[in-house]
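Visitor: If it helps, the file is called protein-v1.tsv and holds TSV, N, CA and C atoms:
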chain	number	residue	atom	x	y	z
A	1	VAL	N	-55.02	63.97	10.81
A	1	VAL	CA	-53.79	63.96	10.02
A	1	VAL	C	-53.09	62.64	10.23
A	2	MET	N	-52.59	62.09	9.14
A	2	MET	CA	-51.83	60.84	9.19
A	2	MET	C	-50.73	60.91	8.15
A	3	ILE	N	-49.58	60.39	8.48
A	3	ILE	CA	-48.50	60.24	7.50
A	3	ILE	C	-48.56	58.81	7.00
A	4	LEU	N	-48.65	58.67	5.70
A	4	LEU	CA	-48.75	57.37	5.08
A	4	LEU	C	-47.50	57.13	4.25
A	5	VAL	N	-46.78	56.07	4.55
A	5	VAL	CA	-45.59	55.69	3.78
A	5	VAL	C	-46.01	54.55	2.87
A	6	ASN	N	-46.21	54.88	1.59
A	6	ASN	CA	-46.61	53.88	0.61
A	6	ASN	C	-45.36	53.22	0.02
A	7	LYS	N	-45.57	52.15	-0.70
A	7	LYS	CA	-44.49	51.38	-1.31
A	7	LYS	C	-43.55	50.81	-0.24
A	8	ALA	N	-44.15	50.30	0.83
A	8	ALA	CA	-43.39	49.74	1.95
A	8	ALA	C	-42.57	48.53	1.54
A	9	ASP	N	-42.85	47.97	0.37
A	9	ASP	CA	-42.10	46.82	-0.11
A	9	ASP	C	-40.73	47.21	-0.67
A	10	LEU	N	-40.48	48.50	-0.86
A	10	LEU	CA	-39.19	48.96	-1.38
A	10	LEU	C	-38.17	49.09	-0.26
A	11	PRO	N	-36.89	48.88	-0.56
A	11	PRO	CA	-35.84	48.86	0.48
A	11	PRO	C	-35.74	50.11	1.35
A	12	ASP	N	-35.89	51.30	0.79
A	12	ASP	CA	-35.71	52.53	1.56
A	12	ASP	C	-36.92	52.89	2.42
A	13	ALA	N	-38.04	52.23	2.22
A	13	ALA	CA	-39.26	52.58	2.95
A	13	ALA	C	-39.11	52.38	4.45
A	14	SER	N	-38.41	51.36	4.85
A	14	SER	CA	-38.22	51.08	6.28
A	14	SER	C	-37.44	52.21	6.96
A	15	ASP	N	-36.40	52.69	6.30
A	15	ASP	CA	-35.62	53.81	6.85
A	15	ASP	C	-36.48	55.07	6.97
A	16	LEU	N	-37.28	55.33	5.97
A	16	LEU	CA	-38.16	56.49	6.00
A	16	LEU	C	-39.17	56.37	7.13
A	17	PHE	N	-39.77	55.20	7.26
A	17	PHE	CA	-40.75	54.96	8.31
A	17	PHE	C	-40.14	55.23	9.69
A	18	HIS	N	-38.94	54.73	9.92
A	18	HIS	CA	-38.30	54.93	11.22
A	18	HIS	C	-37.92	56.39	11.46
A	19	SER	N	-37.53	57.10	10.43
A	19	SER	CA	-37.18	58.51	10.61
A	19	SER	C	-38.42	59.36	10.91
A	20	LEU	N	-39.58	58.91	10.48
A	20	LEU	CA	-40.82	59.65	10.72
A	20	LEU	C	-41.42	59.37	12.10
A	21	GLN	N	-40.87	58.42	12.82
A	21	GLN	CA	-41.38	58.11	14.15
A	21	GLN	C	-41.34	59.32	15.08
A	22	TYR	N	-40.47	60.26	14.78
A	22	TYR	CA	-40.37	61.50	15.55
A	22	TYR	C	-41.74	62.17	15.68
A	23	TYR	N	-42.49	62.20	14.57
A	23	TYR	CA	-43.79	62.88	14.56
A	23	TYR	C	-44.82	62.16	15.42
A	24	GLN	N	-44.70	60.85	15.50
A	24	GLN	CA	-45.63	60.09	16.32
A	24	GLN	C	-45.31	60.27	17.81
A	25	LYS	N	-44.03	60.37	18.12
A	25	LYS	CA	-43.59	60.50	19.51
A	25	LYS	C	-43.63	61.94	20.01
A	26	SER	N	-43.80	62.88	19.09
A	26	SER	CA	-43.83	64.29	19.46
A	26	SER	C	-45.19	64.63	20.08
A	27	PRO	N	-45.33	65.83	20.63
A	27	PRO	CA	-46.64	66.25	21.17
A	27	PRO	C	-47.75	66.25	20.11
A	28	LEU	N	-47.36	66.29	18.84
A	28	LEU	CA	-48.35	66.26	17.77
A	28	LEU	C	-49.06	64.91	17.68
A	29	ASN	N	-48.35	63.83	18.05
A	29	ASN	CA	-48.88	62.47	18.05
A	29	ASN	C	-49.56	62.11	16.72
A	30	ILE	N	-48.85	62.32	15.62
A	30	ILE	CA	-49.38	62.02	14.29
A	30	ILE	C	-49.19	60.54	14.00
A	31	ASP	N	-50.28	59.87	13.64
A	31	ASP	CA	-50.20	58.46	13.29
A	31	ASP	C	-49.41	58.29	12.00
A	32	ILE	N	-48.66	57.20	11.94
A	32	ILE	CA	-47.87	56.87	10.75
A	32	ILE	C	-48.23	55.44	10.35
A	33	LEU	N	-48.51	55.26	9.09
A	33	LEU	CA	-48.91	53.94	8.59
A	33	LEU	C	-48.11	53.62	7.33
A	34	GLN	N	-47.67	52.37	7.24
A	34	GLN	CA	-47.00	51.89	6.04
A	34	GLN	C	-47.99	51.09	5.21
A	35	THR	N	-47.95	51.30	3.90
A	35	THR	CA	-48.79	50.52	3.00
A	35	THR	C	-47.97	50.04	1.81
A	36	SER	N	-48.47	49.00	1.19
A	36	SER	CA	-47.89	48.48	-0.04
A	36	SER	C	-49.01	47.85	-0.85
A	37	VAL	N	-49.25	48.39	-2.02
A	37	VAL	CA	-50.34	47.89	-2.86
A	37	VAL	C	-50.06	46.46	-3.36
A	38	PRO	N	-48.85	46.14	-3.87
A	38	PRO	CA	-48.64	44.79	-4.41
A	38	PRO	C	-48.88	43.66	-3.41
A	39	ASN	N	-48.56	43.87	-2.14
A	39	ASN	CA	-48.78	42.80	-1.16
A	39	ASN	C	-49.88	43.13	-0.15
A	40	CYS	N	-50.66	44.18	-0.42
A	40	CYS	CA	-51.81	44.58	0.40
A	40	CYS	C	-51.46	44.90	1.85
A	41	GLN	N	-50.25	45.25	2.12
A	41	GLN	CA	-49.82	45.60	3.48
A	41	GLN	C	-50.47	46.90	3.93
A	42	GLY	N	-51.12	46.89	5.06
A	42	GLY	CA	-51.69	48.09	5.66
A	42	GLY	C	-52.98	48.59	5.03
A	43	ILE	N	-53.46	47.93	4.00
A	43	ILE	CA	-54.66	48.40	3.29
A	43	ILE	C	-55.89	48.31	4.18
A	44	ASP	N	-56.06	47.20	4.89
A	44	ASP	CA	-57.22	47.05	5.77
A	44	ASP	C	-57.23	48.10	6.88
A	45	LYS	N	-56.06	48.36	7.45
A	45	LYS	CA	-55.98	49.37	8.51
A	45	LYS	C	-56.31	50.76	7.95
A	46	LEU	N	-55.80	51.06	6.77
A	46	LEU	CA	-56.10	52.34	6.14
A	46	LEU	C	-57.59	52.48	5.87
A	47	LEU	N	-58.21	51.42	5.38
A	47	LEU	CA	-59.66	51.45	5.15
A	47	LEU	C	-60.42	51.74	6.44
A	48	ASP	N	-59.99	51.14	7.54
A	48	ASP	CA	-60.64	51.40	8.83
A	48	ASP	C	-60.50	52.86	9.24
A	49	VAL	N	-59.32	53.44	9.00
A	49	VAL	CA	-59.06	54.82	9.40
A	49	VAL	C	-59.89	55.81	8.58
A	50	ILE	N	-60.04	55.57	7.28
A	50	ILE	CA	-60.71	56.54	6.42
A	50	ILE	C	-62.19	56.27	6.22
A	51	LYS	N	-62.69	55.21	6.81
A	51	LYS	CA	-64.09	54.84	6.63
A	51	LYS	C	-65.00	56.00	7.06
A	52	SER	N	-65.94	56.33	6.19
A	52	SER	CA	-66.93	57.39	6.43
A	52	SER	C	-66.30	58.77	6.66
A	53	LYS	N	-65.14	59.01	6.07
A	53	LYS	CA	-64.48	60.31	6.19
A	53	LYS	C	-64.10	60.82	4.81
A	54	THR	N	-63.97	62.12	4.71
A	54	THR	CA	-63.42	62.71	3.51
A	54	THR	C	-61.90	62.64	3.62
A	55	THR	N	-61.24	62.11	2.61
A	55	THR	CA	-59.80	61.85	2.68
A	55	THR	C	-59.11	62.47	1.47
A	56	ILE	N	-57.95	63.05	1.72
A	56	ILE	CA	-57.14	63.64	0.66
A	56	ILE	C	-55.76	62.99	0.69
A	57	PHE	N	-55.30	62.53	-0.44
A	57	PHE	CA	-53.96	61.98	-0.56
A	57	PHE	C	-53.10	63.01	-1.27
A	58	VAL	N	-52.00	63.40	-0.67
A	58	VAL	CA	-51.06	64.32	-1.29
A	58	VAL	C	-49.66	63.73	-1.24
A	59	GLY	N	-48.86	64.09	-2.21
A	59	GLY	CA	-47.49	63.61	-2.25
A	59	GLY	C	-46.90	63.84	-3.62
A	60	GLN	N	-45.61	63.61	-3.70
A	60	GLN	CA	-44.90	63.80	-4.95
A	60	GLN	C	-45.35	62.80	-6.01
A	61	SER	N	-45.06	63.12	-7.24
A	61	SER	CA	-45.32	62.23	-8.34
A	61	SER	C	-44.53	60.94	-8.14
A	62	GLY	N	-45.19	59.82	-8.36
A	62	GLY	CA	-44.50	58.53	-8.29
A	62	GLY	C	-44.54	57.85	-6.95
A	63	VAL	N	-45.24	58.42	-5.97
A	63	VAL	CA	-45.28	57.78	-4.65
A	63	VAL	C	-46.39	56.74	-4.52
A	64	GLY	N	-47.22	56.61	-5.55
A	64	GLY	CA	-48.23	55.55	-5.56
A	64	GLY	C	-49.62	55.98	-5.13
A	65	LYS	N	-49.93	57.27	-5.23
A	65	LYS	CA	-51.26	57.75	-4.84
A	65	LYS	C	-52.34	57.09	-5.67
A	66	SER	N	-52.19	57.08	-6.98
A	66	SER	CA	-53.21	56.51	-7.86
A	66	SER	C	-53.36	55.02	-7.64
A	67	SER	N	-52.27	54.31	-7.49
A	67	SER	CA	-52.33	52.87	-7.25
A	67	SER	C	-53.03	52.58	-5.93
A	68	LEU	N	-52.73	53.37	-4.93
A	68	LEU	CA	-53.35	53.19	-3.62
A	68	LEU	C	-54.85	53.46	-3.68
A	69	ILE	N	-55.24	54.51	-4.37
A	69	ILE	CA	-56.68	54.84	-4.49
A	69	ILE	C	-57.40	53.74	-5.26
A	70	ARG	N	-56.81	53.24	-6.35
A	70	ARG	CA	-57.43	52.14	-7.10
A	70	ARG	C	-57.59	50.92	-6.21
A	71	CYS	N	-56.61	50.62	-5.39
A	71	CYS	CA	-56.67	49.48	-4.48
A	71	CYS	C	-57.79	49.66	-3.46
A	72	LEU	N	-57.93	50.86	-2.94
A	72	LEU	CA	-58.96	51.13	-1.93
A	72	LEU	C	-60.36	51.05	-2.52
A	73	LEU	N	-60.49	51.48	-3.77
A	73	LEU	CA	-61.80	51.44	-4.42
A	73	LEU	C	-62.18	50.01	-4.78
Could you rewrite the structure in this file as structure tokens?
Guide:
Amino acid sequence: VMILVNKADLPDASDLFHSLQYYQKSPLNIDILQTSVPNCQGIDKLLDVIKSKTTIFVGQSGVGKSSLIRCLL
């Protein structure tokens, strides 16, 4: 399990990323990664994490799932 904050280039993304740090510091120890398709931020790290694995992207409409998948492909 990983929490992925896409569109890291937007102003509110940093606040969201910091508020999610709770999950990484909790006993659950869930990894959190920020990505941004326009500036390729975090894409290489994400590719390393999902390499040779079955991966599912879920999230609300407009969070950039399709753009992120196109970038990864």
Visitor: Between A:Gly64, A:Cys71, A:Thr54, A:Ile43, which residue has the minimum interatomic distance to Leu10 (chain A), considering only C-alpha atoms?
Guide: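 Result for the nearest residue to Leu10 (chain A): A:Gly64.
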Visitor: Determine, counting only C-alpha atoms, which protein, DNA and RNA residues have an atom within 8 Å of an atom of region 27-42 of chain A; residues of the same chain fewer than 5 positions away are not included. Present the result as a compact mmCIF listing (two decimals) with N, CA and C atoms, in the coordinates of the input.
Guide:
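The result, stored in selection-v1.txt:
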# COMPACT_ATOMS: atom_id res chain seq x y z
N VAL A 1 -55.02 63.97 10.81
CA VAL A 1 -53.79 63.96 10.02
C VAL A 1 -53.09 62.64 10.23
N MET A 2 -52.59 62.09 9.14
CA MET A 2 -51.83 60.84 9.19
C MET A 2 -50.73 60.91 8.15
N ILE A 3 -49.58 60.39 8.48
CA ILE A 3 -48.50 60.24 7.50
C ILE A 3 -48.56 58.81 7.00
N LEU A 4 -48.65 58.67 5.70
CA LEU A 4 -48.75 57.37 5.08
C LEU A 4 -47.50 57.13 4.25
N VAL A 5 -46.78 56.07 4.55
CA VAL A 5 -45.59 55.69 3.78
C VAL A 5 -46.01 54.55 2.87
N ASN A 6 -46.21 54.88 1.59
CA ASN A 6 -46.61 53.88 0.61
C ASN A 6 -45.36 53.22 0.02
N LYS A 7 -45.57 52.15 -0.70
CA LYS A 7 -44.49 51.38 -1.31
C LYS A 7 -43.55 50.81 -0.24
N ALA A 8 -44.15 50.30 0.83
CA ALA A 8 -43.39 49.74 1.95
C ALA A 8 -42.57 48.53 1.54
N ASP A 9 -42.85 47.97 0.37
CA ASP A 9 -42.10 46.82 -0.11
C ASP A 9 -40.73 47.21 -0.67
N PHE A 17 -39.77 55.20 7.26
CA PHE A 17 -40.75 54.96 8.31
C PHE A 17 -40.14 55.23 9.69
N LEU A 20 -39.58 58.91 10.48
CA LEU A 20 -40.82 59.65 10.72
C LEU A 20 -41.42 59.37 12.10
N GLN A 21 -40.87 58.42 12.82
CA GLN A 21 -41.38 58.11 14.15
C GLN A 21 -41.34 59.32 15.08
N SER A 67 -52.27 54.31 -7.49
CA SER A 67 -52.33 52.87 -7.25
C SER A 67 -53.03 52.58 -5.93
N LEU A 68 -52.73 53.37 -4.93
CA LEU A 68 -53.35 53.19 -3.62
C LEU A 68 -54.85 53.46 -3.68
N CYS A 71 -56.61 50.62 -5.39
CA CYS A 71 -56.67 49.48 -4.48
C CYS A 71 -57.79 49.66 -3.46
Visitor: Using only C-alpha atoms, find the one residue out of A:Leu72, A:Gln24, A:Ser61, A:Ser66 that sits nearest to Lys45 (chain A).
Guide: A:Leu72
Visitor: For the atom pair atom N of Ile69 (chain A) and atom N of Thr55 (chain A), what is the interatomic distance in Å to one decimal place?
Guide: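 Answer for the atom N of Ile69 (chain A) to atom N of Thr55 (chain A) separation: 11.9 Å.
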Visitor: In Å, with one decimal, what is the gap from atom N of Ile50 (chain A) to atom N of Leu73 (chain A)?
Guide: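 Here the two named atoms are 11.8 Å from each other.
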Visitor: One number please: CA of Ser52 (chain A) to CA of Lys25 (chain A), in Å, one decimal.
Guide: 26.9 Å
Visitor: DSSP on the backbone: what in chain A comes out strand (DSSP E), as a VMD selection string?
Guide: chain A and resid 2 to 5 31 to 34
